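J.: First, the structure itself, so that you have it in front of you.
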Amino acid sequence: MAQNDDASRGPLSRGGIAPQPLFAVAAVLLGSFLANFDSRLTTVGLPDLRGAFSLTFDEGAWLSTAGIGSQIFIAPAVAWLATVFGLRRVLGIPSLIYAAVSLIIPFVRDYPTLLVLSAVHGLLLGTFVPATLMIVFRNLPIRWWLPAISIYSIRVGFALDTSSSLVGFYVDHLGWQWLYWQSVVIAPLMGLMVYLGTPNEPVNRALLREADWGGMLLLGASVSMIYAGLDQGNRLDWLGSGTVMALLVAGAALFVAFVINEVLARRPWAHVNVLFSRNVGLSLVVILLYTLTSLSNSSLVPNFLGNIGLLRPEQSGLLLLTYGALPMFVLVPISIWLLRHFDARAVTVLGFACFAAANLWGTQLTHDWAREDFIGIVLLQSVGQSTTLLPIIIMALSNSDPSRATSFAAYIQIMRLGGAEIGVALMGTWLRVREQVHSFYIGQHILTGEVDVVRALKQLADRFAAHGAASAPARAVGTLAGFVQREANVLAYIDGFWLCFWLAMAALGFIALITRAPPGPFTPAPFGFAKMLLRKCGVQVA
């Protein structure tokens with residue numbers, strides 16, 4: 001009975017200790033950052049890519065969906081593949097193919113070929129982050145886990161804060177092709193670090209014979225179809241589109257089939273009972289809320305500066321680089337120190353409190369805000385990024401069995417990729433709907449013939465009269481309509497900050513439900529910090 005229970009928890013995921021841990025950590029660094037940078041670069045740089053490839057708006061939207069959807073398809077299964085085939089095979093070979101595809105894509109002009117290569121590009125990219133996380137679990141001594149996982153966790157915030165600047169630099173100075181060609185250099189270097197830093201492991205043929213291929217395909221296909229439906233929903237009017245409805249319904253049906261498969265399979269690949277631990281399940285919910293809360297950093301601030309402030313990505317990116325990314329080099333070591341001396345729940349509360357404060361600050365937004373007005377918000381978000389995801393992962397690990405990491409890693413990848421991309425799609429819809437609502441209500445107060453409206457139109461027409469009296473009235477009406485749209489957009493962004501604020505508050509509520517983790521390598525001793533202070537003062541304590 002115990003044997004069957006062990007089997008239901010997923011395959012054992014133990015590997016040899018890395019011969020050169022520094023190379024293994026370098027592989028984690030390069031793989032995790034490359035994945036997030038490439039995802040963000042193609043998203044932020046999509047307008048430039050549409051122009052370079054001569055794509056319509058619809059074609060560009062499907063190009064982005066194909067690239068990210070294929071990442072979500074493969075990511076949950078990578079931990080199992082690494083357990084069976086070894087990290088050298090799962091990371092090394094794909095890194096070289098990825099570099100070749102990245103080199104070729106800028107030369108393609110046929111749209112169907114471009115779409116297929118983008119899907120392959122995303123499929124390969126989707127292996128990097130989960131596989132590098134498995135390097136931590138399988139090949140690093142436990143004393144290396146905390147700094148290595150910290151690299152894994154801050155890659156999100158760091159990529160969000162630097163991608164806009166990098167896109168602007170590539171497009172303006174090197175050429176848009178470098179949105180892809182940076183991977184030609186970095187991916188093989190990551191593969192080399194994997195080869196030097198991880199042991200050569202044989203294929204686990206026993207696990208391969210019992211592979212739950214059906215479960216892997218069902219989960220990957222379901223979450224990628226749901227993502228595609230949500231990503232295209234804002235553009236295709238959600239329930240009014242047969243394509244969106246087909247993707248969402250089919251994805252939900254496949255996910256139900258996956259759950260049934262995992263319950264019935266003799267050796268399930270990612271059994272849902274990994275979620276039945278209260279603390280693990282709550283930690284995964286908090287990870288999802290973190291990805292949604294951090295949208296204020298990845299979406300609201302740069303989009304406001306672009307749409308209302310009319311700044312180019314490199315101009316808004318300078319703010320995020322200077323006050324968002326660079327402070328992380330100081331904040332992450334502080335976060336690691338805090339986790340060694342305080343309960344991870346307390347550190348997570350600090351992170352979400354900073355996100356909540358930043359979002360509350362953002363609700364004071366006006367159309368007059370310039371780039372420098374966001375410095376305090378971005379600094380608070382940087383503290384939040386550095387003290388949120390890392391302790392959440394530590395909380396989940398402290399309450400799980402790392403030797404059964406394949407199931408746990410599968411669900412982390414769903415929350416990481418699926419949550420972030422679904423959040424971006426939903427935030428886009430939220431901003432669009434709220435802008436329409438505010439535009440309607442503002443318009444109710446601007447009635448033809450009202451004294452204030454007539455006076456404003458006359459002042460605008462007088463200003464334009466010097467450039468042509470005949471067109472001045474029409475230009476005045478257009479300018480007034482532009483003012484209405486601008487204020488409606490500002491109010492929509494304020495609503496976006498309010499939404500992220502309440503998501504942060506919800507996360508704090510879920511953290512309050514998480515109980516103390518059992519003693520282990522990630523849990524500080526009770527009163528450990530107080531004991532350390534007493535010892536420094538010369539007081540002997542047990």
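Naming scheme: A, B, ... for chains in displayed order of the structure tokens; residues 1 onward per chain; ligands 1 onward as shown.
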I'd like the contact shell of region 91-98 of chain A - 12 Å cut-off, only C-alpha atoms, skipping same-chain residues fewer than 4 positions apart - returned as an MDAnalysis selection string.
T.: chainID A and resid 24 27:28 30:32 34:35 38 78:79 81:82 85:87 102:105 117:135 180:198 200
J.: Find the residues around Arg371 (chain A) up to 9 Å (only C-alpha atoms counted), leave out those fewer than 3 positions away in its own chain, and share them as a list in words.
T.: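 Close residues of Arg371 (chain A): Leu305, Gly309, Leu311, Gln315, Ser316, Leu319, Phe374 and Ile375 of chain A.
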J.: Between A:Ala221, A:Leu247, A:Leu140, A:Leu389, which is the closest to Val285 (chain A) once you count only C-alpha atoms?
T.: A:Leu389
J.: Counting only C-alpha atoms, what is within 12 Å of Leu264 (chain A), bar same-chain residues fewer than 4 positions away, as a PyMOL selection string?
T.: chain A and resi 8+212+214-215+257-260+268-269+271-272
J.: My list of candidates is A:Ala492, A:Val301, A:Leu457, A:Val347. Which is closest to Gly478 (chain A) when distances are computed with only C-alpha atoms?
T.: A:Leu457
